[in-house]
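One structure below.
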Amino acid sequence: MRLYDTQTRKLQSLPAPPARIGIYTCGPTVYQRIHVGNARPYVISLWLKRYLAARGYEVTLVENVTDVNDKIYAAAPGASAALARAATDWYVEDTNRLGLGRPDFEPLASETVSEIIAMIETLIASGHAYTSNGDIYFAVSTAGAYGQLSGQRPDEVEQGEGDDTLKRDAKDFALWKAAKPDEDTSWEAPWGRGRPGWHIECSAMAAKFLGPSFDIHLGGLDLVFPHHENELAQSRALGHDFARIWMHNGIMRLGGEKMAKSTGNIATLRDILDEHGAEVFLLFLMSGHWSKPLDFTAGSLAQARAQADGFRDFFLTKAPQGTADLEPLYAILDEDLNTPAALALFHEWRSRGDSASLAAGLELFGLGALTVTREASKEALALAEARRAARAAKDFVAADRLRAELDVLGYEVRDVTDPSGQPSFQLVPRS
Ligand SMILES: [Zn+2]
């Protein structure tokens, strides 16, 4: 399999299976319900893990939870820890609904502080970091190849955070921040109480679960600089090879703008799943290549819904038959996890009636609920027929009551036109 790597700007090959593959994904900073843009790297990571596992790799996926961060302190002054705990639960609850399983490890920054302190001690001892008024800064000038990942010129770097008056150089970034009176969490360290900076959290969590070098680091394109550039600089300064391939997913745009909590331009994952269900959202994500921006619009969701309906209808009355042949799907996914091409193949399988391959392919992407086959019961068919008659007689009160009864039986009734042009119905079992 080949994957596009930000650092070399080329497709890079994975070793042939079976091999161990370690993946680290930057997870959410927890202070609100996650938005659909945050869900994109989560979904891509789990699709990649599921695909590699299907190909015989032994995959370890680590996706962290950033529960110590400036944004959380700002969102809940004096009560950041309680907010982070609640928001971590929301994140797990919302992403569980996607039905893709979970990463193998989901470390919290707040539970990795001893490893972070040990890393900082090593960086100070080796001259890569220095203390300043209780803060610790990483000295960027000591890092080789700084700026290589993001393509920044080292002399033009602006970190955009930290107190410049405490730094030897404005390019330096914080590894540790001294405790402040309005912050409710802090830890004891050899240089005084405080809490870790964001970048060192990820370097420590990646090393803790994947070791000093691993295969794939994944995250949103907006994290390339400064977050990933700084993760890489620290880890290299520690003598770690760190990630071999850097996958950066394209940003999700709402109304043409980047979706971000800080600008209020958001749609929460929970709301979208409530309204459309996991299958529609996953098909929408499949429609865009992971490395490209993706526009989140009513039209693109409607298109995904039509596709979900099409696949579901295909399986409604017939169970998958025959033997799946996934080789064409593997050939597509081996080339940079090309999900739009995979989706096109699913449509081809559907039109050819290859139900076994289609069912297996959908299952790989967590879309197995679309392949549920269940003949409607006699009772349900009778209710649906009565509802059709009520609608024909324009008795919409009775029609609504019958729809509610079908709902209790576990069916969604859809009004369709049969091939002769007459009003008819379709019963869709709820998954
Ligand atoms: Zn990170």
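In the structure tokens, the first chain shown is A, the next is B, and so on; residue numbers restart at 1 for each chain, and ligands run from 1 in the order shown.
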Nearby residues (only C-alpha atoms) at most 12 Å from stretch 411-426 of chain A, same-chain spacing under 4 positions excluded, as a PyMOL selection string: chain A and resi 309+312-313+316-317+374-377+379-392+399-400+402-407+430-431
Please produce a file of the residues just selected, as a short mmCIF file (atom, residue, chain, number, x, y, z; two decimals), in the first residue's frame, where the atoms kept are N, CA, C and O atoms.
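Dumped to result24.cif:
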```cif
data_model
loop_
_atom_site.label_atom_id
_atom_site.label_comp_id
_atom_site.auth_asym_id
_atom_site.auth_seq_id
_atom_site.Cartn_x
_atom_site.Cartn_y
_atom_site.Cartn_z
N ASP A 309 -29.79 5.06 0.68
CA ASP A 309 -31.09 4.46 0.34
C ASP A 309 -30.92 3.43 -0.77
O ASP A 309 -31.52 2.35 -0.72
N ARG A 312 -29.30 0.28 0.65
CA ARG A 312 -30.22 -0.40 1.57
C ARG A 312 -31.33 -1.10 0.80
O ARG A 312 -31.67 -2.25 1.07
N ASP A 313 -31.85 -0.40 -0.20
CA ASP A 313 -32.94 -0.98 -1.00
C ASP A 313 -32.46 -2.24 -1.74
O ASP A 313 -33.20 -3.20 -1.89
N LEU A 316 -32.64 -5.06 0.63
CA LEU A 316 -33.84 -5.14 1.46
C LEU A 316 -34.49 -6.52 1.43
O LEU A 316 -34.88 -7.07 2.45
N THR A 317 -34.59 -7.08 0.26
CA THR A 317 -35.31 -8.36 0.14
C THR A 317 -34.42 -9.50 -0.30
O THR A 317 -34.90 -10.59 -0.55
N ARG A 374 -34.24 -8.20 5.65
CA ARG A 374 -35.31 -8.69 6.50
C ARG A 374 -36.62 -8.52 5.75
O ARG A 374 -37.02 -7.41 5.42
N GLU A 375 -37.28 -9.63 5.48
CA GLU A 375 -38.60 -9.55 4.84
C GLU A 375 -39.56 -8.95 5.85
O GLU A 375 -39.55 -9.29 7.02
N ALA A 376 -40.42 -8.05 5.38
CA ALA A 376 -41.40 -7.45 6.28
C ALA A 376 -42.39 -8.52 6.75
O ALA A 376 -42.76 -9.42 5.99
N SER A 377 -42.80 -8.43 8.01
CA SER A 377 -43.76 -9.40 8.55
C SER A 377 -45.14 -9.14 7.94
O SER A 377 -45.41 -8.07 7.41
N GLU A 379 -47.87 -8.72 9.48
CA GLU A 379 -48.52 -7.65 10.24
C GLU A 379 -48.08 -6.28 9.70
O GLU A 379 -48.92 -5.39 9.49
N ALA A 380 -46.78 -6.15 9.47
CA ALA A 380 -46.25 -4.87 8.97
C ALA A 380 -46.79 -4.58 7.58
O ALA A 380 -47.17 -3.44 7.27
N LEU A 381 -46.85 -5.63 6.73
CA LEU A 381 -47.36 -5.42 5.37
C LEU A 381 -48.82 -4.98 5.41
O LEU A 381 -49.24 -4.11 4.63
N ALA A 382 -49.60 -5.58 6.33
CA ALA A 382 -51.02 -5.21 6.44
C ALA A 382 -51.16 -3.76 6.87
O ALA A 382 -52.00 -3.01 6.34
N LEU A 383 -50.35 -3.34 7.84
CA LEU A 383 -50.41 -1.95 8.30
C LEU A 383 -50.02 -0.99 7.18
O LEU A 383 -50.64 0.06 6.98
N ALA A 384 -48.97 -1.36 6.43
CA ALA A 384 -48.50 -0.49 5.35
C ALA A 384 -49.55 -0.39 4.25
O ALA A 384 -49.76 0.68 3.67
N GLU A 385 -50.22 -1.51 3.98
CA GLU A 385 -51.28 -1.50 2.97
C GLU A 385 -52.45 -0.63 3.43
O GLU A 385 -53.00 0.17 2.65
N ALA A 386 -52.81 -0.75 4.72
CA ALA A 386 -53.88 0.09 5.27
C ALA A 386 -53.50 1.57 5.18
O ALA A 386 -54.33 2.43 4.91
N ARG A 387 -52.20 1.84 5.40
CA ARG A 387 -51.75 3.23 5.34
C ARG A 387 -51.82 3.76 3.91
O ARG A 387 -52.20 4.90 3.68
N ARG A 388 -51.47 2.90 2.95
CA ARG A 388 -51.54 3.32 1.55
C ARG A 388 -52.99 3.68 1.19
O ARG A 388 -53.26 4.69 0.55
N ALA A 389 -53.93 2.84 1.67
CA ALA A 389 -55.35 3.09 1.38
C ALA A 389 -55.81 4.39 2.05
O ALA A 389 -56.55 5.17 1.47
N ALA A 390 -55.34 4.62 3.28
CA ALA A 390 -55.72 5.84 4.01
C ALA A 390 -55.22 7.07 3.26
O ALA A 390 -55.92 8.08 3.14
N ARG A 391 -54.01 6.97 2.75
CA ARG A 391 -53.45 8.11 2.01
C ARG A 391 -54.24 8.36 0.72
O ARG A 391 -54.50 9.51 0.36
N ALA A 392 -54.62 7.25 0.06
CA ALA A 392 -55.39 7.38 -1.19
C ALA A 392 -56.72 8.08 -0.88
O ALA A 392 -57.23 8.86 -1.69
N ALA A 399 -53.24 7.81 8.40
CA ALA A 399 -51.94 7.45 7.79
C ALA A 399 -50.80 7.69 8.78
O ALA A 399 -49.90 6.85 8.91
N ASP A 400 -50.86 8.80 9.48
CA ASP A 400 -49.80 9.11 10.46
C ASP A 400 -49.82 8.10 11.61
O ASP A 400 -48.78 7.68 12.11
N LEU A 402 -50.83 5.01 11.48
CA LEU A 402 -50.31 3.73 10.99
C LEU A 402 -48.79 3.80 10.84
O LEU A 402 -48.09 2.81 11.08
N ARG A 403 -48.27 4.97 10.45
CA ARG A 403 -46.82 5.13 10.38
C ARG A 403 -46.19 4.94 11.76
O ARG A 403 -45.17 4.26 11.91
N ALA A 404 -46.86 5.49 12.78
CA ALA A 404 -46.34 5.35 14.14
C ALA A 404 -46.37 3.89 14.59
O ALA A 404 -45.45 3.41 15.26
N GLU A 405 -47.42 3.16 14.20
CA GLU A 405 -47.51 1.74 14.58
C GLU A 405 -46.39 0.93 13.90
O GLU A 405 -45.79 0.04 14.50
N LEU A 406 -46.11 1.28 12.65
CA LEU A 406 -45.01 0.60 11.95
C LEU A 406 -43.67 0.92 12.61
O LEU A 406 -42.79 0.06 12.71
N ASP A 407 -43.56 2.15 13.06
CA ASP A 407 -42.33 2.56 13.75
C ASP A 407 -42.10 1.69 14.98
O ASP A 407 -40.98 1.23 15.24
N ARG A 430 -35.39 -0.99 10.52
CA ARG A 430 -34.37 -0.15 11.18
C ARG A 430 -33.23 -1.05 11.60
O ARG A 430 -33.45 -2.15 12.08
N SER A 431 -32.02 -0.55 11.41
CA SER A 431 -30.86 -1.37 11.77
C SER A 431 -30.60 -1.24 13.25
O SER A 431 -31.05 -0.31 13.88
#
```
As a quick test: using only C-alpha atoms and all ligand atoms, which residues lie no more than 12 Å away from ligand 1? Give them as a PyMOL selection string. chain A and resi 24-29+41+62-69+107-109+197-206+217-232+248
List the neighbours of stretch 264-281 of chain A out to 8 Å using only C-alpha atoms; skip same-chain residues closer than 4 positions along the sequence, and give me the result as a ChimeraX atom specification. /A:33-36,39,94,97-99,254,257-260,285,301,304-305,307-308,366-367,369-370
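The space between atom CA of A:Ser45 and atom CA of A:Leu100 spans 10.0 Å.
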Neighbouring residues of A:Ile332 were defined as those with any atom within 10 Å, considering only C-alpha atoms; residues of the same chain fewer than 5 positions away were excluded. Please report them as a PyMOL selection string. chain A and resi 1+327+337-342+345
From A:Ser291, A:Thr6, A:Ser351, A:Gln321, residue lying nearest A:Asp336 [only C-alpha atoms]: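 Smallest distance to A:Asp336 is found for A:Ser291.
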Where in stretch 66-197 of chain A does DSSP assign strand (DSSP E), given as a PyMOL selection string? chain A and resi 129-132+135-138+173-178+194-196
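The closest residue to A:Val43, picked from A:Arg9, A:Arg102, A:His347, A:Arg2 and counting only C-alpha atoms, is A:Arg102.
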Among stretch 189-363 of chain A, which residues carry a DSSP assignment of helix (DSSP H, G or I), reported as a PyMOL selection string? chain A and resi 198-210+221-237+261-263+269-276+278-286+298-316+327-334+339-352+355-363
Which of these, A:Ser300, A:Pro212, A:Trp290, A:Phe346, has the shortest distance to A:Phe314 once you count only C-alpha atoms?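 The shortest atom-to-atom distance to A:Phe314 comes from A:Phe346.
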For atom CA of A:Gln32 and atom CA of A:Asp70, quote the distance in Å rounded to one decimal. 13.7 Å
List as a list in words the protein and nucleic acid residues near A:Asn133, meaning an atom at most 9 Å away when only C-alpha atoms are counted, but skip any in the same chain fewer than 2 places from it. Thr131, Asp135, Ile136, Leu166 and Ala178 of chain A
Using only C-alpha atoms, which residues sit within 7 Å of stretch 238-243 of chain A once same-chain residues fewer than 3 positions away are excluded, as a ChimeraX atom specification? /A:123,212-217,232,234-235,246
Option closest in space to A:Met286, from A:Ala79, A:Trp191, A:Trp47, A:Glu93 [counting only C-alpha atoms]: A:Trp47
Just the number, please: distance in Å from atom CA of A:Gly56 to atom CA of A:Ala19, one decimal. 7.8 Å
Near A:Thr122, counting only C-alpha atoms, which residues have an atom at most 10 Å away, once you skip same-chain residues fewer than 6 positions from it, shown as JSON, numbers by chain? {"A": [128, 129, 237, 238]}
Please, could you write that set of residues out with C-alpha atoms as a CSV table (one decimal), in the first residue's frame?
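Saved as selection_17.csv:
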```csv
chain,number,residue,atom,x,y,z
A,128,HIS,CA,17.7,21.5,23.5
A,129,ALA,CA,15.5,23.2,26.2
A,237,ALA,CA,16.1,16.0,19.5
A,238,LEU,CA,15.5,13.0,21.8
```
